[in-house]
Amino acid sequence: LFGYVGSGGQIKNLGAVNVNITGYDYVGGLIGWNEAGSITSCYITGSVRGDFIVGGLVGYNDNGLITSCYATGEVRGMFDVGGLVGENYNGPLTSCYAAGSVSGDFYVGGLAGRNSGPITFCYSSSSILGYNLYMCGGLVGVNDGPINSCFVTGQINDVYDACYVGGLVGYNNNEGAISNCYSRGSVACGADSYAVGGLVGWN
């Protein structure tokens, strides 16, 4: 609906149903690129597809605030793919969730493919499917930010080999503090997979 939202932009109480969006990079069901904008009480249902930085609600969230939002449906991409946000750069995600199916190859998450911002009171019930998953998590694929009071109920299914796959976070870096979280979804990867965990693949 919006290709770009700039600093100070505010989107509230807005939903789009049964979207069918296909792009290349910075692809989102509501916003392709949110740069320091505020998104509150918004939702998306339907299909979002692209290659790089693909999210059900927002493709790239650059220091933007996302609160009380959700996305359901199908999200497909290759790099930085998330059920809600493809890549979240320093933006707070609060009281949000994603449900549906997410598929990709690198940096794939049920809520966010890649994250460096605080995530609080969020959850994902997304099912994740890949063929050679690399850094994939039920909530976040690659994490560099604090995650607090979040949970996952979705499943991760990898047809072939996988590296750094976790029920909550696939690859948790130095700045990623995880507290009061859990995952109860199944994590199923191929026999030659590396660093696979029920909560975190690699910490």
# chains A, B, ... in the order shown; residues from 1 in each chain; ligands from 1

$ select_by_dssp --residues "chain A" --states "strand (DSSP E)" --output "NGL selection string"
:A and (2-5 or 10-12 or 15-22 or 25-28 or 31-35 or 38-40 or 43-49 or 52-55 or 58-62 or 65-67 or 70-76 or 79-82 or 85-89 or 93-94 or 97-103 or 106-109 or 112-115 or 119-120 or 123-124 or 127-130 or 134-137 or 140-143 or 147-148 or 151-152 or 156-158 or 163-166 or 169-172 or 178-179 or 182-183 or 187-188 or 194-197 or 200-202)

$ closest_atom_pairs --of "stretch 26-138 of chain A" --to "stretch 180-201 of chain A" --cutoff "12 Å" --atoms "only C-alpha atoms" --output "Markdown table"
| residue | atom | partner | partner_atom | distance |
| --- | --- | --- | --- | --- |
| A:Gly110 | CA | A:Gly185 | CA | 11.3 |
| A:Ile119 | CA | A:Cys181 | CA | 11.0 |
| A:Thr120 | CA | A:Cys181 | CA | 9.8 |
| A:Phe121 | CA | A:Cys181 | CA | 9.4 |
| A:Cys122 | CA | A:Cys181 | CA | 9.8 |
| A:Tyr123 | CA | A:Ser183 | CA | 9.5 |
| A:Ser124 | CA | A:Ser183 | CA | 9.5 |
| A:Ser125 | CA | A:Gly185 | CA | 8.4 |
| A:Ser126 | CA | A:Gly185 | CA | 9.7 |
| A:Ser127 | CA | A:Gly185 | CA | 9.0 |
| A:Ile128 | CA | A:Val187 | CA | 9.5 |
| A:Leu129 | CA | A:Ala188 | CA | 9.9 |
| A:Gly130 | CA | A:Cys189 | CA | 9.5 |
| A:Tyr131 | CA | A:Gly190 | CA | 9.4 |
| A:Asn132 | CA | A:Gly190 | CA | 9.1 |
| A:Leu133 | CA | A:Cys189 | CA | 8.9 |
| A:Tyr134 | CA | A:Tyr194 | CA | 9.6 |
| A:Met135 | CA | A:Gly201 | CA | 8.1 |
| A:Cys136 | CA | A:Gly201 | CA | 8.3 |
| A:Gly137 | CA | A:Val200 | CA | 7.6 |
| A:Gly138 | CA | A:Ser183 | CA | 7.9 |

$ closest_atom_pairs --of "stretch 82-101 of chain A" --to "stretch 23-29 of chain A" --cutoff "10 Å" --atoms "only C-alpha atoms" --output "CSV"
residue,atom,partner,partner_atom,distance
A:Gly82,CA,A:Gly28,CA,9.8
A:Gly83,CA,A:Gly28,CA,9.9
A:Leu84,CA,A:Gly28,CA,8.5
A:Val85,CA,A:Gly28,CA,7.6
A:Gly86,CA,A:Gly28,CA,7.9
A:Glu87,CA,A:Tyr26,CA,9.0

$ residues_around --residues "stretch 18-21 of chain A" --least-positions-apart "5" --cutoff "8 Å" --atoms "only C-alpha atoms" --output "list of chain:residue names"
A:Gly28, A:Gly29, A:Ile44, A:Thr45, A:Gly46, A:Ser47, A:Val48, A:Arg49

$ residues_around --residues "A:Thr94" --least-positions-apart "4" --cutoff "12 Å" --atoms "only C-alpha atoms" --output "ChimeraX atom specification"
/A:38-41,64-70,84,111,117-123,146-150

$ closest_residue --among "A:Ser179, A:Asn115, A:Asn90, A:Gln10" --to "A:Ile31" --atoms "only C-alpha atoms"
A:Gln10

$ atom_distance --atom1 "atom CA of A:Tyr89" --atom2 "atom CA of A:Gly145"
9.3 Å

$ closest_residue --among "A:Ile11, A:Met78, A:Val102, A:Cys96" --to "A:Asn157" --atoms "only C-alpha atoms"
A:Val102

$ residues_around --residues "A:Ser7" --least-positions-apart "2" --cutoff "10 Å" --atoms "only C-alpha atoms" --output "list in words"
Val5, Gly9, Gln10, Asn34, Glu35, Ala36, Gly37, Ser38, Asp62, Asn63 and Gly64 of chain A

$ write_last_selection --atoms "N, CA, C and O atoms" --output "CSV table (one decimal), in the first residue's frame"
chain,number,residue,atom,x,y,z
A,5,VAL,N,7.6,5.1,3.8
A,5,VAL,CA,7.1,6.0,4.9
A,5,VAL,C,8.3,6.7,5.5
A,5,VAL,O,9.2,6.0,6.0
A,9,GLY,N,6.1,10.0,9.9
A,9,GLY,CA,4.9,9.4,9.3
A,9,GLY,C,4.2,8.5,10.3
A,9,GLY,O,4.8,7.8,11.1
A,10,GLN,N,2.9,8.6,10.3
A,10,GLN,CA,2.1,7.8,11.2
A,10,GLN,C,1.0,7.1,10.5
A,10,GLN,O,0.2,7.7,9.7
A,34,ASN,N,9.9,1.4,5.9
A,34,ASN,CA,9.5,2.4,6.9
A,34,ASN,C,10.7,2.9,7.6
A,34,ASN,O,11.5,2.3,8.3
A,35,GLU,N,11.0,4.2,7.3
A,35,GLU,CA,12.1,4.9,7.9
A,35,GLU,C,11.7,5.8,9.0
A,35,GLU,O,11.3,7.0,8.8
A,36,ALA,N,11.7,5.3,10.3
A,36,ALA,CA,11.4,6.1,11.5
A,36,ALA,C,10.0,6.5,11.5
A,36,ALA,O,9.6,7.5,12.2
A,37,GLY,N,9.1,5.8,10.8
A,37,GLY,CA,7.7,6.1,11.0
A,37,GLY,C,7.0,5.2,12.1
A,37,GLY,O,7.7,4.3,12.6
A,38,SER,N,5.8,5.6,12.4
A,38,SER,CA,5.1,4.9,13.5
A,38,SER,C,3.9,4.1,12.9
A,38,SER,O,3.1,4.7,12.2
A,62,ASP,N,13.3,0.6,9.4
A,62,ASP,CA,14.5,1.4,9.8
A,62,ASP,C,14.2,2.3,10.9
A,62,ASP,O,13.7,3.4,10.6
A,63,ASN,N,14.5,1.9,12.1
A,63,ASN,CA,14.2,2.8,13.3
A,63,ASN,C,12.7,3.2,13.4
A,63,ASN,O,12.4,4.2,14.0
A,64,GLY,N,11.9,2.4,12.9
A,64,GLY,CA,10.4,2.7,13.0
A,64,GLY,C,9.8,1.9,14.2
A,64,GLY,O,10.3,0.9,14.6
